[in-house]
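Visitor: Before anything else, here's the structure in question.
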Amino acid sequence: MSSEPPGRIDQSPGEFLATLRGRRVYFDALHGNHGDRLLTLAAQALLSSAGIERVRRIRAADFILVNGGGSMADGWFGLARLARYCRSFPGVPLAVLPSSFHFTRSSLAELCAGRQAPMWLWARERPSFNLLLRQRAQGWQLRIGLGHDLAFALRHHPLIENLALTARPRHLLVVERDDWEGPTGRRRPLSPPGLGFIPEAIRNGVRRTLLAPLRRRQDRASAFSRAALAYSIERRPEAAGLPSVVADVSLAETCDFDAFLRYVAGAAVIVTTRLHVAILGQLLKIPTSLVEGRYHKYRGVFEYSMQPEGVELVTWDGVRLHAQAGGQA
């Protein structure tokens with residue numbers, strides 16, 4: 001018998017998915033950046049291992065499975081998607097794979113009001129797990145679990161094994177995000193309007209053409225990027241003669257997924273404000289500095305899943321980067 005108190009999940013996501021064999025599962029990948037693509041690959045591998053065949057139409061499903069990641073935070077679309085599923089399909093069981101949860105304007109009770117069927121939510125770090133426990137309402141059929149970010153499940157995936165075989169240190173890599181989560185305060189260039197009806201692959205190509213020059217200009221002018229390059233060389237003097245790549249390679253409007261993998265795998269040192277660049281760096285055993293973000297996500301995943309394997313957590317004070325005490329393996 002499980003020693004977990006009522007309402008706690010005592011299975012890993014993979015073990016739980018194995019119990020869904022034979023169900024009609026609708027999988028929402030929550031498409032986003034290249035880090036989300038890594039999560040989708042990991043989730044698809046788990047679904048395949050569990051022998052689950054997905055249905056394409058949600059109305060044909062008797063179970064809804066939502067991919068994990070960072071979108072379950074006010075400011076992103078994941079919470080709105082969760083609310084829509086609870087409102088439109090209150091009688092269909094639903095699970096969310098390991099995610100970071102962050103409520104600033106909403107609450108779990110508001111988002112899931114009217115929910116009838118069971119719901120399983122995994123957090124990918126302890127602050128989100130504790131937040132879900134505090135927000136749990138009486139009478140809900142809600143189970144809450146704690147599991148590692150799914151990208152870590154790719155450690156023995158052919159994608160990572162092949163990258164590790166071919167990876168060579170060719171450059172220094174600095175990744176600076178420019179959305180509300182970014183710790184440096186950098187702002188994103190305006191996105192071209194009126195493109196919502198165009199397929200995503202074409203939109204990304206248009207964005208690369210129109211926004212890439214603006215991003216390159218911002219990269220060159222970025223105080224963070226200059227400080228990050230100096231910090232990389234300070235920490236790894238042997239990399240001083242290598243060229244630098246300074247770009248948010250996680251964005252599809254910067255490069256495609258294959259290029260993203262090449263940029264990360266070709267790094268001698270990484271300084272990043274993107275979590276999945278750091279996770280991929282760790283999987284490939286590349287010295288990596290992850291810059292702490294604006295809420296508990298980065299520190300939480302680092303403390304729960306990333307020690308002590310070659311990744312350090314650092315902070316940015318607006319002028320320079322600082323290593324955290326005990327943050328380096």
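Naming scheme: A, B, ... for chains in displayed order of the structure tokens; residues 1 onward per chain; ligands 1 onward as shown.
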Quick one: everything within 12 Å of Pro13 (chain A), counting only C-alpha atoms, minus sequence neighbours fewer than 4 positions away in the same chain. Send it as a PyMOL selection string.
Guide: chain A and resi 9+17-20+42-43+45-47+49-50+65-68+95-99+120-124+144-150+153
Visitor: Among region 115-307 of chain A, which ones does DSSP place in alpha helix (DSSP H), written as an MDAnalysis selection string?
Guide: chainID A and resid 126:135 158:166 200:221 223:235 257:265 275:283 297:305
Visitor: Using C-alpha atoms, can you write the selected residues to a file as a short mmCIF file (atom, residue, chain, number, x, y, z; two decimals), in the first residue's frame?
Guide:
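Full text of again_27.cif as output:
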data_model
loop_
_atom_site.label_atom_id
_atom_site.label_comp_id
_atom_site.auth_asym_id
_atom_site.auth_seq_id
_atom_site.Cartn_x
_atom_site.Cartn_y
_atom_site.Cartn_z
CA ARG A 126 9.16 21.54 -5.09
CA PRO A 127 7.93 25.17 -5.04
CA SER A 128 5.29 24.35 -7.67
CA PHE A 129 4.41 21.12 -5.83
CA ASN A 130 3.88 23.01 -2.57
CA LEU A 131 1.87 25.68 -4.40
CA LEU A 132 -0.49 23.04 -5.80
CA LEU A 133 -0.91 21.48 -2.36
CA ARG A 134 -1.90 24.88 -0.93
CA GLN A 135 -4.35 25.53 -3.76
CA PRO A 158 18.89 8.06 -29.66
CA LEU A 159 18.71 11.81 -30.28
CA ILE A 160 20.91 12.60 -27.28
CA GLU A 161 23.19 9.61 -27.76
CA ASN A 162 23.87 10.58 -31.38
CA LEU A 163 24.46 14.22 -30.43
CA ALA A 164 26.91 13.15 -27.73
CA LEU A 165 28.86 11.07 -30.24
CA THR A 166 29.26 13.97 -32.67
CA GLU A 200 3.52 27.96 -38.13
CA ALA A 201 6.48 26.79 -40.26
CA ILE A 202 5.90 29.63 -42.73
CA ARG A 203 5.37 32.16 -39.93
CA ASN A 204 8.69 31.18 -38.37
CA GLY A 205 10.43 31.67 -41.71
CA VAL A 206 8.89 35.13 -42.05
CA ARG A 207 9.92 36.00 -38.50
CA ARG A 208 13.49 34.85 -39.17
CA THR A 209 13.64 37.16 -42.17
CA LEU A 210 12.03 40.18 -40.52
CA LEU A 211 13.16 39.85 -36.90
CA ALA A 212 16.61 38.26 -37.19
CA PRO A 213 18.35 41.57 -38.05
CA LEU A 214 16.70 43.27 -35.05
CA ARG A 215 17.71 40.42 -32.77
CA ARG A 216 21.31 40.42 -34.02
CA ARG A 217 21.51 44.15 -33.33
CA GLN A 218 20.17 43.62 -29.81
CA ASP A 219 22.57 40.71 -29.26
CA ARG A 220 25.55 42.89 -30.18
CA ALA A 221 24.36 45.71 -27.90
CA ALA A 223 25.35 44.19 -21.74
CA PHE A 224 24.33 40.75 -20.50
CA SER A 225 25.80 38.99 -23.53
CA ARG A 226 29.13 40.80 -23.16
CA ALA A 227 29.26 39.99 -19.45
CA ALA A 228 28.28 36.36 -20.13
CA LEU A 229 31.10 35.92 -22.64
CA ALA A 230 33.59 37.40 -20.16
CA TYR A 231 32.23 35.12 -17.44
CA SER A 232 32.56 32.07 -19.73
CA ILE A 233 36.22 32.79 -20.38
CA GLU A 234 36.86 33.53 -16.72
CA ARG A 235 35.40 30.15 -15.76
CA PHE A 257 15.26 22.55 -34.36
CA ASP A 258 18.23 20.83 -36.00
CA ALA A 259 20.24 24.06 -35.84
CA PHE A 260 19.25 24.47 -32.17
CA LEU A 261 20.69 21.03 -31.44
CA ARG A 262 23.89 21.82 -33.37
CA TYR A 263 24.41 25.13 -31.57
CA VAL A 264 24.06 23.53 -28.14
CA ALA A 265 26.05 20.39 -28.97
CA LEU A 275 16.08 26.21 -18.96
CA HIS A 276 16.10 23.58 -21.71
CA VAL A 277 19.34 24.87 -23.18
CA ALA A 278 20.82 24.18 -19.74
CA ILE A 279 19.16 20.75 -19.52
CA LEU A 280 20.43 19.79 -22.97
CA GLY A 281 23.87 21.09 -21.98
CA GLN A 282 23.81 18.86 -18.91
CA LEU A 283 22.70 15.81 -20.89
CA LYS A 297 11.09 27.71 -11.94
CA TYR A 298 14.82 27.76 -12.67
CA ARG A 299 16.05 27.45 -9.09
CA GLY A 300 13.43 24.79 -8.37
CA VAL A 301 14.38 22.58 -11.33
CA PHE A 302 18.07 23.13 -10.65
CA GLU A 303 17.76 22.09 -7.00
CA TYR A 304 15.48 19.12 -7.69
CA SER A 305 17.04 17.70 -10.86
#
Visitor: Find the residue from A:Gly310, A:Asp10, A:Leu108, A:Gly51 that sits nearest to Arg136 (chain A); use only C-alpha atoms when measuring.
Guide: A:Leu108
Visitor: Leaving out Pro90 (chain A) and any residue of its chain fewer than 3 positions from it, which residues lie within 8 Å of it when counting only C-alpha atoms, given as a PyMOL selection string?
Guide: chain A and resi 85-87+93+114-117
Visitor: Could you tell me how far CA of Met119 (chain A) sits from CA of Gly22 (chain A), in Å to one decimal place?
Guide: 18.5 Å
Visitor: Looking only at strand (DSSP E or B) from DSSP on the backbone, list the matching residues of region 42-279 of chain A as a PyMOL selection string.
Guide: chain A and resi 54+63-66+69+73-74+76+94-99+102+119-123+142-146+171-175+244-246+267-272
